[in-house]
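Novice: Provided below: work-v3.pdb, containing PDB, C-alpha atoms, pLDDT in the B column.
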ATOM      1  CA  LEU A   1       1.249   2.883  10.510  1.00 86.00           C
ATOM      2  CA  TYR A   2       0.213   1.271   7.225  1.00 88.00           C
ATOM      3  CA  VAL A   3      -1.601  -1.597   8.962  1.00 91.00           C
ATOM      4  CA  GLY A   4      -3.526   0.910  11.082  1.00 90.00           C
ATOM      5  CA  ILE A   5      -4.399   3.006   8.054  1.00 89.00           C
ATOM      6  CA  TYR A   6      -5.715  -0.018   6.195  1.00 91.00           C
ATOM      7  CA  TRP A   7      -7.591  -1.214   9.277  1.00 90.00           C
ATOM      8  CA  ASN A   8      -9.405   2.113   9.655  1.00 87.00           C
ATOM      9  CA  ASN A   9     -10.227   2.503   5.968  1.00 86.00           C
ATOM     10  CA  HIS A  10     -11.259  -1.152   5.634  1.00 90.00           C
ATOM     11  CA  HIS A  11     -13.622  -0.809   8.598  1.00 88.00           C
ATOM     12  CA  HIS A  12     -14.963   2.444   7.218  1.00 83.00           C
ATOM     13  CA  MET A  13     -15.576   0.885   3.795  1.00 87.00           C
ATOM     14  CA  LEU A  14     -17.360  -2.188   5.162  1.00 88.00           C
ATOM     15  CA  GLN A  15     -19.498  -0.006   7.420  1.00 85.00           C
ATOM     16  CA  VAL A  16     -21.600   1.111   4.450  1.00 84.00           C
ATOM     17  CA  CYS A  17     -22.158  -2.380   3.022  1.00 87.00           C
ATOM     18  CA  GLY A  18     -25.253  -4.419   3.697  1.00 87.00           C
ATOM     19  CA  SER A  19     -23.852  -7.892   3.022  1.00 90.00           C
ATOM     20  CA  VAL A  20     -20.911  -9.784   1.597  1.00 92.00           C
ATOM     21  CA  THR A  21     -20.490 -12.725  -0.755  1.00 95.00           C
ATOM     22  CA  ARG A  22     -18.063 -15.621  -0.856  1.00 97.00           C
ATOM     23  CA  GLU A  23     -16.085 -13.735  -3.535  1.00 97.00           C
ATOM     24  CA  ILE A  24     -15.844 -10.686  -1.251  1.00 96.00           C
ATOM     25  CA  LEU A  25     -14.650 -12.841   1.635  1.00 96.00           C
ATOM     26  CA  TRP A  26     -11.862 -14.275  -0.545  1.00 98.00           C
ATOM     27  CA  ALA A  27     -10.903 -10.778  -1.678  1.00 97.00           C
ATOM     28  CA  ASN A  28     -10.812  -9.747   1.973  1.00 97.00           C
ATOM     29  CA  LEU A  29      -8.466 -12.654   2.763  1.00 97.00           C
ATOM     30  CA  HIS A  30      -6.315 -11.618  -0.186  1.00 98.00           C
ATOM     31  CA  LEU A  31      -5.998  -8.148   1.352  1.00 97.00           C
ATOM     32  CA  LEU A  32      -5.234  -9.601   4.773  1.00 97.00           C
ATOM     33  CA  PHE A  33      -2.475 -11.781   3.301  1.00 98.00           C
ATOM     34  CA  TRP A  34      -0.658  -8.754   1.902  1.00 97.00           C
ATOM     35  CA  LEU A  35      -1.221  -6.824   5.107  1.00 97.00           C
ATOM     36  CA  SER A  36       0.382  -9.683   7.043  1.00 97.00           C
ATOM     37  CA  LEU A  37       3.630  -9.137   5.106  1.00 97.00           C
ATOM     38  CA  ILE A  38       3.922  -5.457   6.031  1.00 96.00           C
ATOM     39  CA  PRO A  39       5.588  -6.051   9.453  1.00 96.00           C
ATOM     40  CA  PHE A  40       8.284  -8.243   7.877  1.00 97.00           C
ATOM     41  CA  ALA A  41       8.854  -5.847   4.977  1.00 97.00           C
ATOM     42  CA  SER A  42       8.940  -2.881   7.385  1.00 96.00           C
ATOM     43  CA  ALA A  43      11.466  -4.546   9.690  1.00 97.00           C
ATOM     44  CA  TRP A  44      13.728  -5.554   6.813  1.00 97.00           C
ATOM     45  CA  MET A  45      13.584  -2.122   5.250  1.00 94.00           C
ATOM     46  CA  GLY A  46      14.040  -0.431   8.638  1.00 93.00           C
ATOM     47  CA  GLU A  47      17.316  -2.248   9.125  1.00 95.00           C
ATOM     48  CA  ASN A  48      18.448  -1.618   5.538  1.00 94.00           C
ATOM     49  CA  TYR A  49      16.748   1.619   4.459  1.00 88.00           C
ATOM     50  CA  ARG A  50      19.641   2.538   2.138  1.00 89.00           C
ATOM     51  CA  ALA A  51      19.618  -0.804   0.310  1.00 93.00           C
ATOM     52  CA  ALA A  52      17.624  -1.081  -2.896  1.00 93.00           C
ATOM     53  CA  VAL A  53      16.197  -4.582  -2.467  1.00 95.00           C
ATOM     54  CA  PRO A  54      14.517  -4.144   0.955  1.00 96.00           C
ATOM     55  CA  VAL A  55      13.157  -0.720  -0.034  1.00 95.00           C
ATOM     56  CA  ALA A  56      11.820  -2.115  -3.325  1.00 95.00           C
ATOM     57  CA  PHE A  57      10.386  -5.203  -1.595  1.00 96.00           C
ATOM     58  CA  TYR A  58       8.568  -2.951   0.885  1.00 96.00           C
ATOM     59  CA  GLY A  59       7.103  -1.051  -2.052  1.00 95.00           C
ATOM     60  CA  CYS A  60       6.047  -4.242  -3.808  1.00 96.00           C
ATOM     61  CA  VAL A  61       4.201  -5.358  -0.671  1.00 97.00           C
ATOM     62  CA  LEU A  62       2.509  -1.950  -0.436  1.00 96.00           C
ATOM     63  CA  LEU A  63       1.642  -2.090  -4.128  1.00 96.00           C
ATOM     64  CA  ALA A  64       0.115  -5.552  -3.803  1.00 97.00           C
ATOM     65  CA  THR A  65      -1.805  -4.419  -0.711  1.00 96.00           C
ATOM     66  CA  ALA A  66      -3.204  -1.393  -2.550  1.00 95.00           C
ATOM     67  CA  ILE A  67      -4.246  -3.565  -5.492  1.00 96.00           C
ATOM     68  CA  ALA A  68      -5.931  -6.029  -3.112  1.00 97.00           C
ATOM     69  CA  TYR A  69      -7.784  -3.133  -1.444  1.00 95.00           C
ATOM     70  CA  MET A  70      -8.954  -1.901  -4.860  1.00 94.00           C
ATOM     71  CA  ILE A  71     -10.167  -5.386  -5.806  1.00 96.00           C
ATOM     72  CA  LEU A  72     -12.118  -5.626  -2.552  1.00 96.00           C
ATOM     73  CA  ALA A  73     -13.633  -2.174  -3.032  1.00 93.00           C
ATOM     74  CA  ARG A  74     -14.670  -2.931  -6.611  1.00 94.00           C
ATOM     75  CA  LEU A  75     -16.253  -6.232  -5.608  1.00 96.00           C
ATOM     76  CA  LEU A  76     -18.195  -4.452  -2.871  1.00 95.00           C
ATOM     77  CA  VAL A  77     -19.440  -1.845  -5.340  1.00 93.00           C
ATOM     78  CA  ARG A  78     -20.382  -4.531  -7.857  1.00 94.00           C
ATOM     79  CA  HIS A  79     -22.256  -6.486  -5.169  1.00 95.00           C
ATOM     80  CA  GLU A  80     -24.049  -3.499  -3.657  1.00 93.00           C
ATOM     81  CA  GLY A  81     -24.595  -1.636  -6.926  1.00 92.00           C
ATOM     82  CA  ALA A  82     -23.264   1.620  -8.371  1.00 90.00           C
ATOM     83  CA  ASP A  83     -26.129   3.585  -6.769  1.00 89.00           C
ATOM     84  CA  SER A  84     -25.514   2.054  -3.324  1.00 88.00           C
ATOM     85  CA  ALA A  85     -23.837   3.924  -0.498  1.00 86.00           C
ATOM     86  CA  ILE A  86     -20.481   2.270  -1.217  1.00 88.00           C
ATOM     87  CA  GLY A  87     -20.885   2.874  -4.949  1.00 89.00           C
ATOM     88  CA  ARG A  88     -21.612   6.568  -4.431  1.00 85.00           C
ATOM     89  CA  ALA A  89     -18.779   6.926  -1.922  1.00 84.00           C
ATOM     90  CA  ILE A  90     -16.047   5.211  -3.910  1.00 84.00           C
ATOM     91  CA  GLY A  91     -17.024   6.188  -7.439  1.00 77.00           C
ATOM     92  CA  ARG A  92     -14.072   5.860  -9.809  1.00 75.00           C
ATOM     93  CA  ASP A  93     -11.691   5.675  -6.817  1.00 80.00           C
ATOM     94  CA  GLY A  94      -8.910   7.951  -7.980  1.00 83.00           C
ATOM     95  CA  LYS A  95      -7.413   7.915  -4.492  1.00 84.00           C
ATOM     96  CA  THR A  96      -6.680   4.190  -4.649  1.00 88.00           C
ATOM     97  CA  LEU A  97      -5.407   4.459  -8.219  1.00 92.00           C
ATOM     98  CA  GLY A  98      -3.115   7.298  -7.124  1.00 92.00           C
ATOM     99  CA  SER A  99      -1.809   5.135  -4.289  1.00 92.00           C
ATOM    100  CA  ILE A 100      -1.102   2.300  -6.694  1.00 95.00           C
ATOM    101  CA  ALA A 101       0.761   4.677  -9.000  1.00 96.00           C
ATOM    102  CA  GLY A 102       2.759   6.116  -6.080  1.00 95.00           C
ATOM    103  CA  ASP A 103       3.714   2.698  -4.739  1.00 95.00           C
ATOM    104  CA  ALA A 104       4.690   1.481  -8.218  1.00 96.00           C
ATOM    105  CA  ALA A 105       6.824   4.575  -8.867  1.00 96.00           C
ATOM    106  CA  ALA A 106       8.486   4.252  -5.469  1.00 95.00           C
ATOM    107  CA  SER A 107       9.287   0.578  -6.043  1.00 94.00           C
ATOM    108  CA  GLU A 108      10.821   1.348  -9.420  1.00 95.00           C
ATOM    109  CA  ALA A 109      12.869   4.240  -7.998  1.00 95.00           C
ATOM    110  CA  ALA A 110      14.244   2.170  -5.094  1.00 93.00           C
ATOM    111  CA  PRO A 111      17.351   0.833  -6.886  1.00 92.00           C
ATOM    112  CA  PHE A 112      18.385   4.349  -7.885  1.00 92.00           C
ATOM    113  CA  LEU A 113      16.935   6.687  -5.243  1.00 93.00           C
ATOM    114  CA  PRO A 114      15.868   4.804  -2.099  1.00 91.00           C
ATOM    115  CA  PHE A 115      15.232   8.027  -0.187  1.00 92.00           C
ATOM    116  CA  LEU A 116      12.832   9.214  -2.886  1.00 95.00           C
ATOM    117  CA  SER A 117      11.023   5.896  -2.514  1.00 94.00           C
ATOM    118  CA  LEU A 118      10.749   6.389   1.235  1.00 94.00           C
ATOM    119  CA  GLY A 119       9.283   9.846   0.644  1.00 95.00           C
ATOM    120  CA  LEU A 120       6.731   8.481  -1.820  1.00 95.00           C
ATOM    121  CA  TYR A 121       5.715   5.744   0.627  1.00 94.00           C
ATOM    122  CA  ALA A 122       5.199   8.393   3.296  1.00 94.00           C
ATOM    123  CA  ALA A 123       3.172  10.599   0.930  1.00 94.00           C
ATOM    124  CA  VAL A 124       0.840   7.718   0.046  1.00 93.00           C
ATOM    125  CA  ALA A 125       0.395   6.895   3.753  1.00 92.00           C
ATOM    126  CA  LEU A 126      -0.402  10.516   4.573  1.00 92.00           C
ATOM    127  CA  SER A 127      -3.053  10.624   1.861  1.00 88.00           C
ATOM    128  CA  TRP A 128      -4.928   7.812   3.657  1.00 86.00           C
ATOM    129  CA  LEU A 129      -4.218   8.784   7.275  1.00 83.00           C
ATOM    130  CA  ILE A 130      -7.685  10.244   7.754  1.00 75.00           C
ATOM    131  CA  PRO A 131     -10.385   7.696   6.846  1.00 69.00           C
ATOM    132  CA  ASP A 132     -12.023   8.273   3.504  1.00 68.00           C
ATOM    133  CA  ARG A 133     -14.245  11.356   3.776  1.00 74.00           C
ATOM    134  CA  ARG A 134     -16.307  10.267   0.803  1.00 74.00           C
ATOM    135  CA  ILE A 135     -17.691   7.445   2.935  1.00 77.00           C
ATOM    136  CA  GLU A 136     -18.378   9.825   5.845  1.00 77.00           C
ATOM    137  CA  GLN A 137     -20.328  12.085   3.497  1.00 78.00           C
ATOM    138  CA  VAL A 138     -22.472   9.190   2.285  1.00 75.00           C
ATOM    139  CA  LEU A 139     -23.090   8.037   5.844  1.00 74.00           C
ATOM    140  CA  ALA A 140     -24.213  11.547   6.799  1.00 77.00           C
ATOM    141  CA  GLN A 141     -26.869  11.638   4.059  1.00 76.00           C
ATOM    142  CA  PRO A 142     -30.428  10.827   5.181  1.00 67.00           C
TER
END
How would this structure read if it were set down as structure tokens?
Specialist:
Amino acid sequence: LYVGIYWNNHHHMLQVCGSVTREILWANLHLLFWLSLIPFASAWMGENYRAAVPVAFYGCVLLATAIAYMILARLLVRHEGADSAIGRAIGRDGKTLGSIAGDAAASEAAPFLPFLSLGLYAAVALSWLIPDRRIEQVLAQP
């Protein structure tokens, strides 16, 4: 689910950009690296969802993925400009910052309350399930 969510939102975000730089390509690879760890982290946690370490590791991978997504988004805005379509759509990006906070809180709670962590991971995923509407609104503008 998380890989699909990132795939959709990544595609949506790049759809409004005119070009990329070498720095953006490296940031994109950074994001893809963290995304590549999600299947392993998911499988390990799925087999041990009551154990603190796999649940916390899953959260750390999600946290790193969210940070990598934020870095990519900020580089795109910097490259395209604050008044560009991507700049207007993302703005201060509270949604990504909220995801980072949720993933961090869930990772920290894992040793004590793994089921709370699982709920927080699900809540963050649900917040991104529908591709970012801010980008759709910018794309709809003439």
Novice: Applying the PyMOL selection byres ((chain A and resi 141) around 12) to the file I just gave you, which residues come out? Please list them as an MDAnalysis selection string.
Specialist: chainID A and resid 16 85 88:89 134:140 142
Novice: What separation in Å, quoted to one decimal, exists between atom CA of Cys17 of chain A and atom CA of Ala66 of chain A?
Specialist: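 Spanning atom CA of Cys17 of chain A to atom CA of Ala66 of chain A is a straight-line distance of 19.8 Å.
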Novice: With all atoms listed in the file as the atoms that count, which of A:His11, A:Arg133, A:His30, A:Arg22 lies nearest to Ile90 of chain A?
Specialist: A:Arg133
Novice: Could you list, as a list in words, every residue matched by the PyMOL selection byres ((chain A and resi 45-47) around 12) in this structure?
Specialist: Ile38, Pro39, Phe40, Ala41, Ser42, Ala43, Trp44, Asn48, Tyr49, Arg50, Ala51, Ala52, Val53, Pro54, Val55, Ala56, Phe57, Tyr58, Gly59, Cys60, Val61, Ala110, Pro114, Phe115, Ser117 and Leu118 of chain A
Novice: Atom CA of Ser84 of chain A to atom CA of Gly102 of chain A: how many Å, to one decimal?
Specialist: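 According to the coordinates, atom CA of Ser84 of chain A and atom CA of Gly102 of chain A are separated by 28.7 Å.
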Novice: Work out how far atom CA of Arg78 of chain A is from atom CA of Leu63 of chain A, in Å to one decimal.
Specialist: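 Taking atom CA of Leu63 of chain A and atom CA of Arg78 of chain A, their separation equals 22.5 Å.
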Novice: Pick out the closest residue to Ile5 of chain A from this set: A:Thr65, A:Thr21, A:Ser107, A:Asn28. Count all atoms listed in the file.
Specialist: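 When distances to Ile5 of chain A are compared using all atoms listed in the file, the smallest one comes from A:Thr65.
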Novice: Segment 122-124 of chain A: which residues within 8 Å, counting all atoms listed in the file, same-chain residues fewer than 2 positions away excluded, as a PDB file with C-alpha atoms, in the frame of the given file?
Specialist:
ATOM      1  CA  SER A  99      -1.809   5.135  -4.289  1.00 92.00           C
ATOM      2  CA  GLY A 102       2.759   6.116  -6.080  1.00 95.00           C
ATOM      3  CA  ASP A 103       3.714   2.698  -4.739  1.00 95.00           C
ATOM      4  CA  LEU A 118      10.749   6.389   1.235  1.00 94.00           C
ATOM      5  CA  GLY A 119       9.283   9.846   0.644  1.00 95.00           C
ATOM      6  CA  LEU A 120       6.731   8.481  -1.820  1.00 95.00           C
ATOM      7  CA  LEU A 126      -0.402  10.516   4.573  1.00 92.00           C
ATOM      8  CA  SER A 127      -3.053  10.624   1.861  1.00 88.00           C
ATOM      9  CA  TRP A 128      -4.928   7.812   3.657  1.00 86.00           C
TER      10      TRP A 128
END
Novice: Enclose all atoms of segment 36-51 of chain A listed in the file in an axis-aligned box, grow every side by 4 Å, and hand back centre and edge lengths in Å to one decimal, as lines of an AutoDock Vina configuration file.
Specialist:
center_x = 10.0
center_y = -3.6
center_z = 5.0
size_x = 27.3
size_y = 20.2
size_z = 17.4
Novice: Would you please work out which residue, of A:Met70, A:Val20, A:Leu32, A:Gly4, is nearest to Lys95 of chain A when using all atoms listed in the file?
Specialist: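 The closest residue to Lys95 of chain A is A:Met70.
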Novice: Kindly indicate which residue among A:Leu14, A:Leu75, A:Ala68, A:Val3 lies nearest to Ser36 of chain A, using all atoms listed in the file for the distances.
Specialist: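 Looking at the shortest contact to Ser36 of chain A, the residue is A:Val3.
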Novice: Which residue out of A:Trp34, A:Trp26, A:Tyr69, A:Phe112 has the minimum interatomic distance to Leu97 of chain A when only C-alpha atoms are used?
Specialist: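 Residue with the minimum atom-to-atom distance to Leu97 of chain A: A:Tyr69.
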Novice: Can you work out which one of A:Ile67, A:Ala105, A:Val77, A:Ala125 has the shortest atom-to-atom distance to Gly91 of chain A, counting all atoms listed in the file?
Specialist: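 Distance minimum relative to Gly91 of chain A lands on A:Val77.
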